[in-house]
$ cat upload.txt   # compact mmCIF, C-alpha atoms
# COMPACT_ATOMS: atom_id res chain seq x y z
CA MET A 8 95.03 56.54 -75.23
CA ASP A 9 91.64 58.09 -74.73
CA ALA A 10 88.44 57.22 -72.96
CA TYR A 11 87.33 54.94 -75.79
CA ASP A 12 90.35 52.63 -75.63
CA GLY A 13 89.54 49.23 -74.29
CA GLY A 14 92.20 48.96 -71.62
CA SER A 15 91.58 48.06 -68.01
CA ASN A 16 92.20 51.64 -66.94
CA ALA A 17 89.80 53.17 -69.39
CA ARG A 18 87.27 55.63 -67.95
CA HIS A 19 83.60 54.84 -68.17
CA GLY A 20 80.81 57.24 -68.85
CA PRO A 21 78.29 58.23 -66.27
CA ASP A 22 76.10 55.26 -67.09
CA GLY A 23 78.84 52.78 -67.48
CA PRO A 24 79.91 50.20 -64.95
CA ALA A 25 82.38 51.13 -62.30
CA ALA A 26 85.97 50.23 -62.81
CA PRO A 27 86.96 46.96 -61.19
CA GLY A 28 88.21 47.49 -57.68
CA GLY A 29 86.93 51.12 -57.55
CA PRO A 30 84.13 52.61 -55.45
CA ALA A 31 80.62 52.55 -56.79
CA PRO A 32 79.45 55.91 -58.07
CA ALA A 33 77.03 57.78 -55.79
CA VAL A 34 73.53 58.10 -57.13
CA VAL A 35 72.01 61.50 -56.40
CA GLY A 36 68.25 61.50 -56.49
CA PRO A 37 65.56 64.11 -55.70
CA ALA A 38 65.42 65.28 -52.05
CA GLU A 39 62.77 63.49 -50.06
CA PRO A 40 60.28 66.00 -48.61
CA HIS A 41 59.70 66.20 -44.85
CA PRO A 42 56.51 64.52 -43.78
CA PRO A 43 53.74 67.00 -42.94
CA ALA A 44 52.89 67.56 -39.31
CA GLY A 45 50.11 65.23 -38.38
CA PRO A 46 47.27 65.82 -35.94
CA ASP A 47 49.04 63.71 -33.35
CA LEU A 48 52.03 66.12 -33.08
CA PRO A 49 51.90 68.25 -29.89
CA ALA A 50 51.14 71.99 -30.44
CA GLY A 51 53.28 74.79 -28.90
CA PRO A 52 52.29 76.41 -25.58
CA ARG A 53 49.49 79.01 -25.78
CA THR A 54 50.23 82.57 -24.69
CA GLY A 55 48.27 85.72 -23.95
CA VAL A 56 44.49 85.61 -23.87
CA ALA A 57 44.53 82.22 -25.59
CA ALA A 58 46.17 80.73 -22.49
CA LEU A 59 43.13 81.62 -20.37
CA SER A 60 40.18 79.38 -19.81
CA LEU A 61 37.02 79.94 -21.83
CA ARG A 62 35.30 81.72 -18.93
CA TYR A 63 38.13 84.23 -18.56
CA GLN A 64 38.38 84.72 -22.30
CA ILE A 65 34.71 85.71 -22.35
CA GLY A 66 35.33 88.12 -19.45
CA VAL A 67 38.27 89.74 -21.24
CA ALA A 68 36.22 90.09 -24.41
CA LEU A 69 33.37 91.76 -22.53
CA ALA A 70 35.77 94.13 -20.74
CA LEU A 71 37.37 95.15 -24.03
CA ALA A 72 33.93 95.70 -25.55
CA VAL A 73 32.88 97.94 -22.63
CA VAL A 74 36.11 99.97 -22.89
CA ALA A 75 35.70 100.34 -26.66
CA VAL A 76 32.09 101.52 -26.28
CA GLY A 77 33.11 103.98 -23.53
CA VAL A 78 35.93 105.42 -25.64
CA CYS A 79 33.61 105.83 -28.64
CA VAL A 80 30.94 107.54 -26.51
CA HIS A 81 33.48 109.89 -24.94
CA LEU A 82 35.01 110.83 -28.30
CA GLY A 83 31.55 111.44 -29.71
CA MET A 84 30.49 113.61 -26.76
CA THR A 85 33.73 115.61 -26.91
CA PHE A 86 33.29 116.16 -30.65
CA LEU A 87 29.73 117.38 -30.17
CA HIS A 88 30.87 119.66 -27.33
CA VAL A 89 33.54 121.44 -29.37
CA ALA A 90 31.67 121.35 -32.69
CA PRO A 91 29.60 124.32 -33.90
CA PRO A 92 25.89 124.27 -32.99
CA ASN A 93 24.02 121.67 -35.01
CA THR A 94 20.84 119.63 -34.98
CA VAL A 95 22.21 117.03 -32.55
CA THR A 96 23.47 119.56 -30.02
CA ARG A 97 20.22 121.51 -30.18
CA GLU A 98 18.30 118.33 -29.43
CA HIS A 99 20.70 116.68 -26.93
CA GLY A 100 22.84 119.61 -25.77
CA GLU A 101 21.93 119.09 -22.11
CA ALA A 102 23.05 115.46 -22.20
CA VAL A 103 26.34 116.47 -23.82
CA ASP A 104 26.97 119.12 -21.16
CA ASP A 105 26.15 116.66 -18.38
CA TRP A 106 28.78 114.30 -19.78
CA ILE A 107 31.49 116.92 -20.31
CA TYR A 108 31.13 119.05 -17.18
CA PRO A 109 32.92 119.28 -14.87
CA GLU A 110 35.54 116.54 -15.33
CA PHE A 111 36.08 116.72 -19.11
CA GLU A 112 35.72 120.43 -19.72
CA GLN A 113 37.59 121.65 -22.79
CA ASN A 114 39.67 124.79 -22.45
CA TRP A 115 41.32 126.14 -25.59
CA LYS A 116 43.12 129.11 -23.99
CA LEU A 117 46.44 127.34 -24.56
CA PHE A 118 46.07 128.05 -28.28
CA ALA A 119 45.14 131.71 -27.88
CA PRO A 120 47.38 134.20 -29.72
CA ASN A 121 48.26 135.84 -26.41
CA PRO A 122 47.80 133.34 -23.56
CA LEU A 123 47.23 134.48 -20.00
CA GLN A 124 50.41 135.72 -18.35
CA GLN A 125 49.15 136.52 -14.87
CA ASN A 126 49.05 134.79 -11.53
CA ILE A 127 45.76 135.40 -9.71
CA SER A 128 45.35 134.36 -6.10
CA ILE A 129 42.20 134.63 -4.02
CA GLN A 130 42.56 135.78 -0.42
CA VAL A 131 40.06 136.21 2.42
CA ARG A 132 39.89 137.63 5.89
CA ALA A 133 37.10 137.61 8.45
CA GLU A 134 35.65 139.54 11.35
CA VAL A 135 35.21 137.17 14.28
CA ARG A 136 33.13 137.72 17.40
CA ASP A 137 34.81 136.12 20.37
CA GLY A 138 33.15 134.63 23.43
CA GLU A 139 33.20 137.94 25.33
CA GLY A 140 31.35 139.90 22.64
CA GLY A 141 34.41 141.59 21.14
CA THR A 142 35.22 141.64 17.43
CA LEU A 143 38.57 140.72 15.98
CA THR A 144 39.82 140.73 12.39
CA THR A 145 41.90 137.86 11.06
CA GLY A 146 44.84 138.23 8.76
CA TRP A 147 44.59 137.49 5.06
CA TYR A 148 44.40 133.81 4.19
CA ASP A 149 45.80 133.00 0.73
CA LEU A 150 43.40 130.27 -0.36
CA SER A 151 44.96 129.89 -3.81
CA ALA A 152 48.36 129.25 -2.22
CA GLU A 153 46.78 126.54 -0.06
CA ASP A 154 45.39 124.85 -3.16
CA GLY A 155 48.76 125.16 -4.87
CA ARG A 156 50.53 123.45 -1.98
CA ALA A 157 47.93 120.66 -2.04
CA ILE A 158 48.41 120.13 -5.80
CA ASP A 159 52.22 120.38 -5.87
CA GLY A 160 53.68 116.89 -5.98
CA ASN A 161 50.22 115.27 -5.95
CA LEU A 162 49.85 112.81 -8.83
CA LEU A 163 46.05 112.77 -8.50
CA PRO A 164 44.87 116.16 -7.19
CA SER A 165 41.16 116.51 -6.62
CA HIS A 166 38.91 118.57 -8.84
CA THR A 167 38.08 120.73 -5.81
CA GLN A 168 41.72 121.63 -5.24
CA GLN A 169 42.26 122.48 -8.88
CA ASN A 170 39.12 124.31 -9.93
CA GLU A 171 36.59 125.07 -7.19
CA LEU A 172 38.00 128.40 -6.04
CA ARG A 173 39.16 129.48 -9.49
CA ARG A 174 35.80 128.77 -11.08
CA ALA A 175 33.95 130.54 -8.27
CA TRP A 176 36.06 133.67 -8.82
CA ASP A 177 35.54 133.51 -12.60
CA PHE A 178 31.81 133.15 -11.98
CA PHE A 179 31.85 136.24 -9.77
CA LEU A 180 33.76 138.33 -12.33
CA ALA A 181 31.40 137.28 -15.11
CA THR A 182 28.35 138.46 -13.15
CA HIS A 183 29.71 141.74 -11.71
CA ASP A 184 31.00 144.99 -13.14
CA SER A 185 34.26 146.73 -12.26
CA GLU A 186 32.55 148.35 -9.23
CA ASN A 187 31.61 144.90 -7.87
CA ARG A 188 27.93 145.50 -8.57
CA PRO A 189 25.93 142.45 -9.72
CA VAL A 190 24.89 142.33 -13.35
CA GLY A 191 21.93 140.10 -14.14
CA LEU A 192 20.05 137.60 -12.04
CA ARG A 193 23.04 135.39 -11.27
CA GLY A 194 24.98 138.10 -9.44
CA SER A 195 23.61 137.28 -5.99
CA LEU A 196 24.07 133.56 -6.70
CA SER A 197 27.76 134.03 -7.48
CA GLU A 198 28.24 136.06 -4.29
CA SER A 199 26.57 133.39 -2.19
CA TYR A 200 28.60 130.65 -3.85
CA LEU A 201 31.93 132.43 -3.31
CA ARG A 202 31.03 133.38 0.25
CA ARG A 203 30.19 129.81 1.21
CA ILE A 204 33.46 128.53 -0.23
CA VAL A 205 35.63 131.01 1.69
CA VAL A 206 33.71 130.41 4.95
CA LEU A 207 34.24 126.67 4.60
CA ARG A 208 37.94 127.26 3.96
CA LEU A 209 38.22 129.49 7.03
CA ASP A 210 36.50 126.84 9.10
CA ARG A 211 38.90 124.22 7.76
CA ASP A 212 41.87 126.44 8.63
CA ASP A 213 40.42 126.93 12.13
CA ALA A 214 40.65 130.69 11.68
CA VAL A 215 38.33 131.44 14.61
CA ARG A 216 40.44 129.56 17.14
CA ALA A 217 43.65 131.01 15.71
CA THR A 218 42.26 134.54 16.16
CA THR A 219 40.40 134.33 19.46
CA GLY A 220 42.34 131.53 21.11
CA GLY A 221 39.08 129.77 21.82
CA ALA A 222 35.44 129.82 20.76
CA GLY A 223 33.93 132.38 18.44
CA VAL A 224 31.88 132.86 15.32
CA ILE A 225 32.49 134.47 11.93
CA GLU A 226 30.32 137.55 11.37
CA ARG A 227 31.65 139.00 8.10
CA VAL A 228 34.14 138.07 5.39
CA GLN A 229 36.02 140.09 2.81
CA VAL A 230 37.50 138.65 -0.37
CA ARG A 231 40.21 140.15 -2.53
CA SER A 232 42.26 139.05 -5.51
CA ARG A 233 45.99 139.55 -5.91
CA THR A 234 47.10 139.75 -9.56
CA SER A 235 50.74 139.79 -10.60
CA ASN A 236 52.29 139.51 -14.04
CA VAL A 237 54.51 136.56 -14.85
CA PRO A 238 58.05 137.90 -15.41
CA PRO A 239 59.21 137.57 -19.02
CA PRO A 240 62.15 135.28 -19.82
CA ARG A 241 65.66 136.68 -19.67
CA TRP A 242 66.07 136.72 -23.43
CA SER A 243 62.89 138.76 -23.94
CA ARG A 244 62.97 142.54 -24.33
CA GLU A 245 59.43 142.85 -23.01
CA LYS A 246 59.03 145.07 -19.96
CA VAL A 247 56.20 144.33 -17.55
CA SER A 248 55.40 145.51 -14.07
CA THR A 249 55.75 142.88 -11.36
CA THR A 250 53.94 144.99 -8.75
CA PRO A 251 50.81 143.10 -7.67
CA ALA A 252 47.39 144.67 -8.10
CA TYR A 253 44.57 144.05 -5.63
CA ARG A 254 40.81 144.04 -6.08
CA GLU A 255 38.97 144.13 -2.79
CA LEU A 256 35.32 143.25 -2.49
CA PRO A 257 33.04 144.76 0.14
CA TRP A 258 32.48 143.04 3.47
CA TRP A 259 29.77 140.38 3.27
CA PRO A 260 27.69 139.44 6.33
CA VAL A 261 27.72 135.72 7.01
CA PRO A 262 24.32 134.15 7.85
CA LYS A 263 24.15 132.19 11.07
CA ASP A 264 23.64 128.86 9.31
CA GLU A 265 26.93 129.44 7.42
CA ALA A 266 28.98 130.99 10.20
CA GLY A 267 30.12 127.67 11.64
CA GLY A 268 30.77 126.06 8.28
CA GLY A 269 27.57 124.12 8.56
CA VAL A 270 26.32 124.71 5.00
CA ARG A 271 27.82 122.21 2.53

$ encode --input "upload.txt" --output "structure tokens"
Amino acid sequence: MDAYDGGSNARHGPDGPAAPGGPAPAVVGPAEPHPPAGPDLPAGPRTGVAALSLRYQIGVALALAVVAVGVCVHLGMTFLHVAPPNTVTREHGEAVDDWIYPEFEQNWKLFAPNPLQQNISIQVRAEVRDGEGGTLTTGWYDLSAEDGRAIDGNLLPSHTQQNELRRAWDFFLATHDSENRPVGLRGSLSESYLRRIVVLRLDRDDAVRATTGGAGVIERVQVRSRTSNVPPPRWSREKVSTTPAYRELPWWPVPKDEAGGGVR
């Protein structure tokens, strides 16, 4: 017996009627698509800047615009500062220098073939006239060590602590020969600048009171540098002397208006 026999148990084709007493065949049709989200459906919560009110969104946009303009100006000024001389720098070089110095000065010594391997500290001592007319000499004050202690562990050290003394000494070396004689018109300016800095530091350290035990006034100061080579690493075969070398400058008289640290 096959499917085409006419018995009561004969099978029917897919379009044929269901057998008596059997379940109706399931009709599978195309899947009904989900209805599109209408305008009445609630939107998800807003995050970020979009969650702010319109007034604050405008404020954020203005702040971002100011930051973007500042970054672009700074990058442009830095590029012009380090670029070779050109028409723009010849015309606006003073404005570029005013922007860069002193906070954004570029120093490329890190990439030198032989970087500096010396520690240079600036020290000062003074002749102090006490209240009885006698003269006493202070010990050496290591001003560079004082700056180092102020910078060590300080997340935001001041520009004065980092560079004032160092730049003053570099200025002096650039305007004097090996015999400490001024070269050019800026020699006396560099001496005055360095002298005022060390007198202010001595006044801050209360050197007069520490020397005389009371009142007094600074009459002369003497500055020297202490230079020592940085020891090479253990794996290096390089041999360098670790004995410090000193360069002492002559005694400088201190004018009366500077003696008490009054000149700023």

$ atom_distance --input "upload.txt" --atom1 "CA of Ser235 (chain A)" --atom2 "CA of Gln125 (chain A)"
5.6 Å

$ atom_distance --input "upload.txt" --atom1 "CA of Arg132 (chain A)" --atom2 "CA of Val205 (chain A)"
8.9 Å

$ atom_distance --input "upload.txt" --atom1 "CA of His166 (chain A)" --atom2 "CA of Asp154 (chain A)"
10.7 Å

$ residues_around --input "upload.txt" --residues "Arg211 (chain A)" --least-positions-apart "2" --cutoff "12 Å" --atoms "only C-alpha atoms" --output "PyMOL selection string"
chain A and resi 148+150+153+204-209+213-217+267-269

$ closest_residue --input "upload.txt" --among "A:Thr249, A:Thr85, A:Gln64, A:Thr218" --to "Asp104 (chain A)" --atoms "only C-alpha atoms"
A:Thr85

$ closest_residue --input "upload.txt" --among "A:Pro109, A:Ile225, A:Thr182, A:Arg254" --to "Ser165 (chain A)" --atoms "all atoms listed in the file"
A:Pro109

$ residues_around --input "upload.txt" --residues "His81 (chain A)" --least-positions-apart "4" --cutoff "12 Å" --atoms "all atoms listed in the file" --output "PyMOL selection string"
chain A and resi 74-77+85-88+103-107+110-112

$ closest_residue --input "upload.txt" --among "A:Gly221, A:Ala266, A:Asp159, A:Ala58" --to "Glu139 (chain A)" --atoms "all atoms listed in the file"
A:Gly221
